[in-house]
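S.K.: Sending over coords.txt (compact mmCIF, C-alpha atoms and all ligand atoms).
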```
# COMPACT_ATOMS: atom_id res chain seq x y z
CA MET A 1233 7.23 18.09 -10.45
CA TYR A 1234 5.49 15.48 -8.27
CA ASN A 1235 6.28 11.83 -8.20
CA LEU A 1236 2.98 10.02 -8.32
CA ARG A 1237 4.56 6.63 -9.04
CA GLY A 1238 2.71 3.97 -7.12
CA LYS A 1239 -0.43 6.13 -6.83
CA THR A 1240 -3.63 5.05 -8.52
CA ILE A 1241 -5.89 7.93 -9.49
CA LEU A 1242 -9.40 6.96 -10.46
CA ILE A 1243 -11.10 9.49 -12.74
CA GLY A 1244 -14.87 9.38 -13.09
CA ILE A 1245 -16.24 11.18 -16.15
CA THR A 1246 -19.92 11.99 -16.46
CA GLY A 1247 -21.96 13.18 -19.43
CA GLY A 1248 -21.21 16.86 -19.90
CA ILE A 1249 -19.49 18.78 -22.68
CA ALA A 1250 -16.48 19.45 -20.39
CA ALA A 1251 -15.76 15.70 -20.60
CA TYR A 1252 -13.41 16.38 -23.51
CA LYS A 1253 -11.13 18.44 -21.19
CA ILE A 1254 -10.46 15.40 -19.04
CA CYS A 1255 -8.23 13.95 -21.77
CA GLU A 1256 -5.64 16.58 -20.85
CA LEU A 1257 -6.15 15.96 -17.10
CA ILE A 1258 -5.32 12.28 -17.64
CA ARG A 1259 -2.13 13.32 -19.44
CA MET A 1260 -1.19 15.65 -16.56
CA PHE A 1261 -1.39 12.76 -14.08
CA LYS A 1262 0.36 10.35 -16.45
CA ARG A 1263 3.26 12.79 -16.86
CA GLN A 1264 3.83 12.46 -13.10
CA ASN A 1265 3.89 8.64 -13.40
CA ALA A 1266 0.49 8.03 -11.79
CA ASN A 1267 -1.48 4.93 -12.62
CA VAL A 1268 -4.69 6.41 -14.04
CA LYS A 1269 -7.91 4.42 -14.24
CA VAL A 1270 -11.05 5.83 -15.82
CA ILE A 1271 -14.72 5.12 -15.27
CA ALA A 1272 -17.01 6.80 -17.75
CA THR A 1273 -20.78 6.88 -17.49
CA PRO A 1274 -22.58 5.74 -20.66
CA ASN A 1275 -23.54 9.42 -21.22
CA ALA A 1276 -19.91 10.56 -20.98
CA LEU A 1277 -19.18 8.38 -24.01
CA ASN A 1278 -21.52 10.62 -26.05
CA PHE A 1279 -18.84 13.31 -25.67
CA ILE A 1280 -15.54 11.38 -25.82
CA THR A 1281 -14.62 7.90 -26.96
CA LYS A 1282 -13.60 4.98 -24.83
CA LEU A 1283 -10.67 4.40 -27.18
CA THR A 1284 -9.26 7.90 -26.54
CA LEU A 1285 -9.51 7.42 -22.78
CA GLN A 1286 -7.99 3.96 -22.99
CA ASN A 1287 -5.04 5.23 -25.01
CA LEU A 1288 -4.39 8.19 -22.75
CA SER A 1289 -4.74 6.30 -19.47
CA GLN A 1290 -3.04 3.16 -20.80
CA ASN A 1291 -5.66 1.17 -18.95
CA ASP A 1292 -9.03 -0.38 -19.68
CA VAL A 1293 -11.89 2.07 -19.28
CA ALA A 1294 -14.71 0.82 -17.08
CA VAL A 1295 -18.26 1.69 -18.05
CA GLU A 1296 -20.70 -1.04 -17.26
CA GLU A 1297 -21.35 -2.57 -13.90
CA PHE A 1298 -20.96 -6.35 -13.49
CA ASP A 1299 -18.10 -6.36 -15.95
CA VAL A 1300 -16.40 -8.74 -13.49
CA LYS A 1301 -12.72 -9.42 -14.19
CA ASP A 1302 -11.80 -11.12 -10.95
CA TYR A 1303 -13.54 -12.49 -7.89
CA LYS A 1304 -14.44 -9.01 -6.65
CA PRO A 1305 -17.26 -7.02 -8.26
CA GLU A 1306 -15.73 -4.19 -10.28
CA HIS A 1307 -17.17 -1.40 -8.10
CA ILE A 1308 -15.47 -2.92 -5.05
CA SER A 1309 -12.10 -3.60 -6.66
CA LEU A 1310 -11.90 -0.14 -8.23
CA ALA A 1311 -12.87 1.46 -4.92
CA ASP A 1312 -10.24 -0.59 -3.05
CA GLU A 1313 -7.48 0.07 -5.53
CA ALA A 1314 -7.69 3.85 -5.97
CA ASP A 1315 -5.73 6.23 -3.74
CA ILE A 1316 -8.05 9.04 -4.75
CA PHE A 1317 -11.22 9.40 -6.85
CA VAL A 1318 -11.68 12.48 -9.05
CA ILE A 1319 -15.11 13.00 -10.60
CA ALA A 1320 -14.87 15.58 -13.37
CA PRO A 1321 -16.97 16.88 -14.88
CA ALA A 1322 -19.72 16.07 -12.40
CA THR A 1323 -23.17 16.73 -13.83
CA ALA A 1324 -26.20 17.84 -11.82
CA ASN A 1325 -27.65 14.38 -12.42
CA THR A 1326 -24.63 12.51 -10.99
CA ILE A 1327 -24.27 14.94 -8.06
CA SER A 1328 -27.88 14.33 -7.10
CA LYS A 1329 -27.49 10.56 -7.33
CA LEU A 1330 -24.32 10.66 -5.21
CA ALA A 1331 -26.02 12.79 -2.57
CA ASN A 1332 -28.88 10.32 -2.33
CA GLY A 1333 -26.97 7.06 -2.42
CA ILE A 1334 -28.30 6.03 -5.82
CA CYS A 1335 -26.08 3.43 -7.46
CA ASP A 1336 -27.50 2.94 -10.92
CA ASN A 1337 -24.24 2.82 -12.85
CA LEU A 1338 -20.64 1.80 -12.21
CA LEU A 1339 -19.45 5.33 -11.38
CA THR A 1340 -22.12 5.99 -8.74
CA SER A 1341 -21.63 2.49 -7.29
CA VAL A 1342 -17.86 2.99 -6.95
CA ALA A 1343 -18.43 6.40 -5.33
CA CYS A 1344 -20.84 4.84 -2.86
CA ALA A 1345 -18.26 2.18 -1.90
CA TYR A 1346 -15.36 4.66 -1.80
CA LYS A 1347 -14.10 5.68 1.64
CA LYS A 1348 -11.13 7.93 0.83
CA THR A 1349 -11.31 11.45 -0.61
CA ILE A 1350 -13.43 12.17 -3.68
CA ILE A 1351 -12.57 15.36 -5.56
CA LEU A 1352 -15.73 16.54 -7.27
CA ALA A 1353 -15.55 19.14 -10.04
CA PRO A 1354 -19.08 20.11 -11.12
CA ALA A 1355 -19.85 21.58 -14.53
CA MET A 1356 -23.32 22.47 -15.78
CA ASN A 1357 -25.58 25.22 -17.04
CA CYS A 1358 -25.66 28.27 -14.69
CA ASN A 1359 -29.37 27.91 -13.96
CA MET A 1360 -28.92 24.25 -13.01
CA TRP A 1361 -26.02 25.32 -10.79
CA GLY A 1362 -28.25 27.88 -9.10
CA ASN A 1363 -30.99 25.31 -8.45
CA LYS A 1364 -31.57 24.95 -4.72
CA ILE A 1365 -31.78 21.16 -4.91
CA ILE A 1366 -28.36 20.93 -6.53
CA GLN A 1367 -26.87 23.28 -3.93
CA GLU A 1368 -28.43 21.28 -1.09
CA ASN A 1369 -27.04 18.08 -2.57
CA LEU A 1370 -23.56 19.64 -2.80
CA THR A 1371 -23.77 20.81 0.81
CA LYS A 1372 -24.65 17.27 1.80
CA LEU A 1373 -21.67 15.85 -0.11
CA SER A 1374 -19.24 18.42 1.27
CA GLY A 1375 -20.05 17.16 4.77
CA LEU A 1376 -18.92 13.70 3.68
CA ASN A 1377 -15.67 12.56 2.02
CA TYR A 1378 -16.15 14.93 -0.94
CA GLN A 1379 -14.00 17.95 -1.72
CA ILE A 1380 -16.03 20.19 -4.03
CA LEU A 1381 -14.18 22.39 -6.52
CA GLN A 1382 -16.38 25.35 -7.35
CA PRO A 1383 -17.10 25.83 -11.05
CA GLU A 1384 -16.00 29.07 -12.68
CA SER A 1385 -18.03 31.88 -14.22
CA GLY A 1386 -17.83 32.69 -17.88
CA PHE A 1387 -19.15 31.78 -21.26
CA LEU A 1388 -20.80 28.34 -21.12
CA ALA A 1389 -21.08 25.79 -23.93
CA CYS A 1390 -24.89 26.07 -23.75
CA GLY A 1391 -24.64 29.74 -24.77
CA TYR A 1392 -25.27 31.28 -21.32
CA ASP A 1393 -22.83 33.48 -19.46
CA GLY A 1394 -22.67 32.58 -15.75
CA LYS A 1395 -21.33 30.19 -13.14
CA GLY A 1396 -21.07 26.56 -14.14
CA ARG A 1397 -17.90 26.15 -16.20
CA LEU A 1398 -15.58 23.34 -15.10
CA CYS A 1399 -12.80 24.83 -12.95
CA SER A 1400 -9.30 24.84 -14.44
CA LEU A 1401 -7.50 21.53 -14.85
CA ASP A 1402 -4.63 22.98 -12.77
CA LYS A 1403 -7.07 23.40 -9.86
CA ILE A 1404 -8.24 19.79 -10.16
CA PHE A 1405 -4.64 18.59 -10.45
CA ASP A 1406 -3.45 20.63 -7.42
CA ALA A 1407 -6.39 19.57 -5.25
CA THR A 1408 -5.73 15.94 -6.12
CA VAL A 1409 -2.00 16.09 -5.41
CA ASN A 1410 -2.49 18.09 -2.19
CA SER A 1411 -5.01 15.60 -0.95
CA LEU A 1412 -2.76 12.66 -1.83
CA PHE A 1413 0.17 14.18 0.05
CA ALA A 1414 -1.92 15.48 2.95
CA SER A 1415 -2.63 11.88 3.86
CA GLN A 1416 1.09 11.24 4.31
CA PRO A 1417 1.69 11.54 8.05
CA LEU A 1418 5.09 9.83 7.75
CA LYS A 1419 6.46 12.30 5.22
CA GLY A 1420 10.09 13.07 6.09
CA LYS A 1421 10.51 9.85 8.08
CA LYS A 1422 13.00 7.18 7.09
CA ILE A 1423 11.98 3.60 7.63
CA LEU A 1424 14.09 0.48 7.17
CA ILE A 1425 12.31 -2.82 6.56
CA THR A 1426 13.80 -6.29 6.20
CA ALA A 1427 11.93 -9.05 4.36
CA GLY A 1428 12.29 -12.69 3.38
CA GLY A 1429 14.17 -15.64 4.79
CA THR A 1430 17.96 -15.53 4.88
CA ILE A 1431 19.84 -18.10 2.81
CA GLU A 1432 22.78 -19.86 4.42
CA ASP A 1433 24.88 -21.82 1.95
CA ILE A 1434 25.90 -25.42 2.57
CA ASP A 1435 27.77 -25.70 -0.72
CA PRO A 1436 27.33 -24.06 -4.16
CA VAL A 1437 24.15 -26.12 -4.68
CA ARG A 1438 22.38 -26.43 -1.32
CA TYR A 1439 21.37 -24.04 1.41
CA ILE A 1440 19.48 -23.69 4.69
CA SER A 1441 16.54 -21.29 4.68
CA ASN A 1442 12.92 -21.02 5.81
CA TYR A 1443 9.43 -20.46 4.42
CA SER A 1444 9.37 -16.66 4.58
CA SER A 1445 8.12 -15.26 1.26
CA GLY A 1446 8.81 -11.60 2.04
CA LYS A 1447 5.08 -10.73 1.68
CA MET A 1448 4.71 -9.22 5.16
CA GLY A 1449 7.81 -7.04 4.70
CA PHE A 1450 6.66 -5.93 1.24
CA ALA A 1451 3.22 -4.99 2.60
CA LEU A 1452 4.92 -2.90 5.30
CA ALA A 1453 7.13 -1.22 2.69
CA LYS A 1454 4.12 -0.39 0.48
CA THR A 1455 2.18 1.08 3.40
CA ALA A 1456 5.16 3.08 4.66
CA ARG A 1457 5.64 4.57 1.18
CA GLU A 1458 1.93 5.39 0.92
CA LEU A 1459 2.19 7.18 4.24
CA GLY A 1460 5.02 9.28 2.80
CA ALA A 1461 8.04 7.63 4.42
CA GLU A 1462 11.32 7.10 2.62
CA VAL A 1463 11.74 3.34 2.73
CA THR A 1464 14.92 1.26 2.65
CA LEU A 1465 13.87 -2.29 1.94
CA ILE A 1466 16.49 -4.98 2.58
CA SER A 1467 15.26 -8.28 1.21
CA THR A 1468 16.37 -11.77 0.31
CA VAL A 1469 13.61 -11.89 -2.32
CA ALA A 1470 13.68 -9.59 -5.37
CA HIS A 1471 11.19 -6.70 -5.06
CA ASP A 1472 10.81 -3.09 -6.29
CA ASN A 1473 13.77 -0.96 -5.17
CA ALA A 1474 14.95 -3.57 -2.67
CA ILE A 1475 18.56 -3.99 -1.63
CA ILE A 1476 19.06 -7.71 -2.16
CA VAL A 1477 21.01 -9.71 0.40
CA LYS A 1478 21.37 -13.42 0.96
CA SER A 1479 22.71 -14.44 4.36
CA ALA A 1480 22.14 -13.14 7.87
CA ILE A 1481 25.63 -11.63 7.88
CA GLU A 1482 24.96 -9.74 4.63
CA MET A 1483 21.63 -8.56 6.02
CA GLN A 1484 23.25 -7.36 9.25
CA ASN A 1485 25.91 -5.43 7.29
CA GLU A 1486 23.26 -3.63 5.25
CA VAL A 1487 21.06 -2.90 8.26
CA LEU A 1488 23.99 -1.42 10.21
CA LYS A 1489 25.03 0.64 7.21
CA HIS A 1490 21.63 2.40 7.16
CA LEU A 1491 20.67 2.31 10.86
CA GLU A 1492 21.93 5.71 11.98
CA THR A 1493 19.65 7.74 9.72
CA GLN A 1494 16.45 5.75 10.33
CA ASP A 1495 13.35 6.75 12.30
CA ALA A 1496 12.14 3.16 12.52
CA VAL A 1497 13.33 -0.35 11.73
CA PHE A 1498 10.96 -3.25 11.03
CA MET A 1499 12.70 -6.63 11.26
CA ALA A 1500 10.11 -8.68 9.35
CA ALA A 1501 12.76 -10.93 7.79
CA ALA A 1502 13.08 -14.47 9.08
CA VAL A 1503 16.78 -14.53 9.89
CA ALA A 1504 18.42 -17.94 10.29
CA ASP A 1505 19.73 -18.39 13.81
CA PHE A 1506 22.53 -20.65 12.56
CA ARG A 1507 24.72 -20.97 9.49
CA VAL A 1508 26.98 -23.74 8.28
CA LYS A 1509 30.39 -23.52 9.91
CA ASN A 1510 32.44 -24.41 6.87
CA THR A 1511 30.55 -23.79 3.66
CA ALA A 1512 31.97 -26.22 1.09
CA GLU A 1513 33.51 -24.48 -1.89
CA GLN A 1514 32.60 -27.36 -4.18
CA LYS A 1515 29.43 -29.42 -4.34
CA ILE A 1516 29.43 -32.04 -1.57
CA LYS A 1517 29.59 -35.40 -3.34
CA LYS A 1518 27.38 -38.33 -2.49
CA ILE A 1519 29.65 -41.15 -1.42
CA ASP A 1520 27.93 -44.47 -1.98
CA ASP A 1521 28.82 -46.16 1.29
CA THR A 1522 28.09 -43.10 3.46
CA GLU A 1523 24.63 -43.13 5.08
CA GLU A 1524 24.86 -39.79 6.85
CA ILE A 1525 26.90 -36.66 6.92
CA THR A 1526 27.15 -34.06 9.67
CA LEU A 1527 26.83 -30.34 9.16
CA THR A 1528 28.22 -28.20 11.93
CA LEU A 1529 26.21 -25.02 12.45
CA VAL A 1530 27.43 -21.90 14.18
CA LYS A 1531 25.37 -19.07 15.59
CA ASN A 1532 24.48 -16.18 13.31
CA PRO A 1533 24.52 -12.64 14.68
CA ASP A 1534 21.18 -11.65 16.17
CA ILE A 1535 20.54 -8.54 14.08
CA LEU A 1536 17.54 -7.38 16.08
CA LYS A 1537 19.32 -7.68 19.41
CA THR A 1538 22.47 -6.06 18.02
CA ILE A 1539 20.58 -2.98 16.87
CA CYS A 1540 18.55 -2.73 20.07
CA ASP A 1541 21.79 -2.90 22.10
CA LEU A 1542 23.09 0.09 20.13
CA HIS A 1543 20.14 2.10 21.54
CA PRO A 1544 19.44 3.97 18.31
CA THR A 1545 16.95 6.82 18.29
CA ALA A 1546 14.84 4.79 15.84
CA LYS A 1547 11.79 2.83 16.98
CA ILE A 1548 12.67 -0.86 16.63
CA ILE A 1549 9.95 -3.30 15.70
CA GLY A 1550 10.74 -7.01 15.78
CA PHE A 1551 8.59 -9.84 14.45
CA CYS A 1552 8.45 -13.32 15.89
CA ALA A 1553 7.30 -16.54 14.31
CA GLU A 1554 6.03 -19.00 16.90
CA SER A 1555 4.62 -22.48 16.37
CA GLU A 1556 3.40 -22.86 19.99
CA ASN A 1557 2.68 -20.78 23.12
CA LEU A 1558 2.49 -17.66 20.96
CA LEU A 1559 2.07 -14.96 23.57
CA GLU A 1560 4.22 -16.58 26.22
CA ASN A 1561 7.15 -16.95 23.80
CA ALA A 1562 6.58 -13.50 22.32
CA HIS A 1563 6.58 -11.99 25.79
CA SER A 1564 9.96 -13.45 26.70
CA LYS A 1565 11.33 -12.58 23.22
CA ILE A 1566 10.50 -8.85 23.47
CA GLN A 1567 12.32 -8.74 26.80
CA ARG A 1568 15.32 -10.70 25.52
CA LYS A 1569 15.71 -8.67 22.34
CA GLY A 1570 14.89 -5.29 23.90
CA CYS A 1571 12.82 -3.91 21.00
CA ASP A 1572 10.06 -1.30 21.32
CA TYR A 1573 7.40 -3.53 19.74
CA LEU A 1574 7.21 -7.19 18.78
CA ILE A 1575 4.69 -8.43 16.24
CA ALA A 1576 3.80 -12.01 17.16
CA ASN A 1577 2.91 -14.37 14.30
CA ASP A 1578 1.36 -17.81 14.72
CA ILE A 1579 3.06 -19.95 12.10
CA SER A 1580 1.32 -23.19 13.11
CA ARG A 1581 -1.64 -22.13 10.94
CA LYS A 1582 -1.57 -22.58 7.17
CA ASP A 1583 -3.99 -19.70 6.48
CA ILE A 1584 -1.72 -17.04 8.02
CA GLY A 1585 2.00 -16.43 8.62
CA PHE A 1586 4.67 -17.77 6.29
CA GLY A 1587 3.84 -17.53 2.60
CA ALA A 1588 0.14 -16.74 3.16
CA ASP A 1589 -1.56 -13.62 1.76
CA GLU A 1590 -3.28 -13.07 5.10
CA ASN A 1591 -2.06 -12.75 8.62
CA GLU A 1592 -3.31 -12.33 12.17
CA VAL A 1593 -0.96 -10.82 14.71
CA HIS A 1594 -0.56 -9.53 18.23
CA ILE A 1595 1.40 -6.34 18.84
CA LEU A 1596 3.37 -6.43 22.07
CA SER A 1597 4.79 -3.16 23.38
CA ALA A 1598 7.80 -2.79 25.63
CA ASP A 1599 5.46 -1.44 28.34
CA GLY A 1600 3.62 -4.77 28.44
CA LYS A 1601 0.59 -3.80 26.35
CA ILE A 1602 -0.79 -6.42 23.92
CA GLU A 1603 -3.18 -5.68 21.05
CA LYS A 1604 -4.61 -8.22 18.64
CA ILE A 1605 -5.13 -7.49 14.95
CA GLU A 1606 -7.72 -9.86 13.56
CA LYS A 1607 -7.11 -11.90 10.42
CA ALA A 1608 -6.88 -9.75 7.29
CA SER A 1609 -4.72 -9.32 4.19
CA LYS A 1610 -1.07 -8.54 4.94
CA GLU A 1611 -1.65 -5.04 3.48
CA ILE A 1612 -4.41 -4.37 6.02
CA ILE A 1613 -2.30 -5.85 8.84
CA ALA A 1614 0.57 -3.54 7.78
CA LYS A 1615 -1.77 -0.51 7.88
CA GLU A 1616 -3.04 -1.51 11.32
CA ILE A 1617 0.53 -1.87 12.60
CA PHE A 1618 1.43 1.65 11.40
CA LYS A 1619 -1.84 3.05 12.73
CA ARG A 1620 -1.21 1.71 16.19
CA ILE A 1621 2.51 2.42 16.43
CA TRP A 1622 2.20 6.03 15.23
CA SER A 1623 -1.43 6.62 16.34
CA ILE A 1624 -2.32 7.54 12.76
CA ASN A 1625 -5.87 7.97 11.57
CA MET A 1626 -6.31 6.30 8.19
CA ASN A 1627 -9.46 5.81 6.19
O1 LIG B 1 7.65 -13.37 4.71
P1 LIG B 1 6.26 -13.92 4.95
O2 LIG B 1 5.98 -15.18 4.19
O3 LIG B 1 5.19 -12.87 4.78
O4 LIG B 1 6.24 -14.39 6.47
C1 LIG B 1 6.79 -13.59 7.46
C2 LIG B 1 6.01 -13.57 8.73
C3 LIG B 1 4.57 -13.24 8.38
C4 LIG B 1 6.01 -14.88 9.44
C5 LIG B 1 6.72 -12.41 9.50
O5 LIG B 1 5.81 -11.54 9.93
C6 LIG B 1 7.59 -12.86 10.66
O6 LIG B 1 7.18 -13.31 11.69
N1 LIG B 1 8.90 -12.62 10.45
C7 LIG B 1 9.94 -12.89 11.43
C8 LIG B 1 10.17 -14.37 11.58
C9 LIG B 1 11.29 -14.68 12.51
O7 LIG B 1 12.42 -14.73 12.10
O8 LIG B 1 10.97 -14.84 13.78
P2 LIG B 1 12.02 -15.20 14.98
O9 LIG B 1 11.14 -15.44 16.12
O10 LIG B 1 12.92 -16.30 14.52
O11 LIG B 1 12.87 -13.90 15.17
C10 LIG B 1 12.46 -12.82 16.01
C11 LIG B 1 12.99 -11.52 15.48
O12 LIG B 1 14.41 -11.51 15.55
C12 LIG B 1 12.65 -11.20 14.05
O13 LIG B 1 12.36 -9.83 13.95
C13 LIG B 1 13.92 -11.55 13.29
O14 LIG B 1 14.05 -10.73 12.12
C14 LIG B 1 14.99 -11.22 14.30
N2 LIG B 1 16.19 -12.07 14.19
C15 LIG B 1 16.12 -13.42 14.37
C16 LIG B 1 17.28 -14.16 14.32
C17 LIG B 1 18.50 -13.52 14.06
N3 LIG B 1 19.62 -14.20 14.00
N4 LIG B 1 18.53 -12.20 13.88
C18 LIG B 1 17.41 -11.47 13.95
O15 LIG B 1 17.45 -10.25 13.77
```
Here is the file; what I need is its structure written in the form of structure tokens.
Ligand code: PMT
M.R.:
Amino acid sequence: MYNLRGKTILIGITGGIAAYKICELIRMFKRQNANVKVIATPNALNFITKLTLQNLSQNDVAVEEFDVKDYKPEHISLADEADIFVIAPATANTISKLANGICDNLLTSVACAYKKTIILAPAMNCNMWGNKIIQENLTKLSGLNYQILQPESGFLACGYDGKGRLCSLDKIFDATVNSLFASQPLKGKKILITAGGTIEDIDPVRYISNYSSGKMGFALAKTARELGAEVTLISTVAHDNAIIVKSAIEMQNEVLKHLETQDAVFMAAAVADFRVKNTAEQKIKKIDDTEEITLTLVKNPDILKTICDLHPTAKIIGFCAESENLLENAHSKIQRKGCDYLIANDISRKDIGFGADENEVHILSADGKIEKIEKASKEIIAKEIFKRIWSINMN
């Protein structure tokens, strides 16, 4: 039993009789909770119907190019979204197009734009399989990001007996799962991530908080899970599997509860430095002749500093939000807090930082090194952070 929840498997079906077998392959992935998307070539639909594939995958089936559903062309969004691409059955025709960069349908265009692993399961007549051109094309593909699953020998649908039958669905399934988990360099690691702005009550109606949306923390959590880590997400904003907290004190309690077992802690949450000294139990009333009221604030615990002072074995990664003198302030903050890395965020810009979908950061290391990650989506920034902190190669 594998848990493929959160994984998107893209299945490309080309026009061969073995296309009908892929219905069962889709079910095998669905049983393990994968999100399955299907691209069929127009020829594949001579062998199986779009409706069958749609029902089994519980997703739209893509066939035509330029069937644009959002701002990205379909071949780019499908290529970006999929964790792995399985082309089965792969005909001699499609193999040859792939090997020569021909993009004359949606499937070949997606394959051309796809940078992660492509599992290719050929199926064809034995004489076509033996053709030198086809073998040369397969050799070319195997030197790229393709993993070729050899067809099997036996009785073929065309009446011949020889090599060319689609390999077993178990083989395709195992190769897919192995490849998905092989790219999990953080398997076995436990990572704690905080996200969102803490909420400090003034009374039952009002509170002090900040503009943190949780997006950066969520992107880190998604990437950590994709890399195989077991993630504990502590957030002030509701999100998949998150432990929800409200105030800095609640967040600190949760962080400390989990700290000992962690391999790394990412403090991406924007924790309020102060809270109201005496939170009113009832709503503070507006008194007509009072022009101002005074709230007394007291210092919150500094969670990041507290955990660094405990000298845990975990790597500790702080984040800082600066509206001026970014690197200068970040530099003194990493020294003051004592963390291993500090990710410096410029929150004076509207296009990055708080609430934005994109970010641009500098990674400061305790040894004084500074690396800039250019503006990109928070997901890409998260990947770059993991790449650099753990020296991981990711495609
Ligand atoms: O959530 P988003 O909308 O995506 O925006 C988040 C972000 C992109 C701006 C994010 O990356 C970020 O910078 N988060 C941390 C913001 C922050 O609180 O910065 P700070 O400079 O105030 O704090 C420095 C570090 O100390 C942070 O890791 C913070 O979690 C921690 N801290 C701060 C105060 C406190 N009392 N306890 C803490 O642990």
S.K.: To one decimal place, how far is atom CA of A:Pro1436 from atom CA of A:Lys1509 in Å?
M.R.: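 If I compute the distance from atom CA of A:Pro1436 to atom CA of A:Lys1509, I get 14.4 Å.
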S.K.: List as number ranges by chain: which residues have an atom within 10 Å of (-30.5, 34.0, -15.9), counting all atoms listed in the file?
M.R.: A: 1358-1359, 1362, 1392-1394
S.K.: Could you tell me, counting all atoms listed in the file, which protein and nucleic acid residues lie no more than 8 Å from ligand LIG 1 (chain B), written as a PyMOL selection string?
M.R.: chain A and resi 1426-1429+1443-1450+1480+1484+1498-1506+1531-1538+1549-1554+1562+1565+1569+1574-1579+1584-1589+1591+1610
S.K.: Taking (-18.6, 26.1, -22.3) in the file's coordinates as the center, which residues reach within 12 Å of it, counting only C-alpha atoms, put as a count of residues only?
M.R.: 28
S.K.: Can you pull out every residue within 10 Å of A:His1543, counting only C-alpha atoms, but drop anything in the same chain fewer than 4 positions away, and send it as a PDB file with C-alpha atoms, in the frame of the given file?
M.R.:
```
ATOM      1  CA  THR A1538      22.470  -6.060  18.020  1.00  0.00           C
ATOM      2  CA  ILE A1539      20.580  -2.980  16.870  1.00  0.00           C
ATOM      3  CA  LYS A1547      11.790   2.830  16.980  1.00  0.00           C
ATOM      4  CA  ILE A1548      12.670  -0.860  16.630  1.00  0.00           C
ATOM      5  CA  GLY A1570      14.890  -5.290  23.900  1.00  0.00           C
ATOM      6  CA  CYS A1571      12.820  -3.910  21.000  1.00  0.00           C
TER       7      CYS A1571
END
```
S.K.: Rank A:Ile1319, A:Ala1276, A:Ile1425, A:Ile1613 by their smallest atom-to-atom distance to A:Ala1496, using all atoms listed in the file, and report the top residue only.
M.R.: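 For A:Ala1496, the nearest of the given residues is A:Ile1425.
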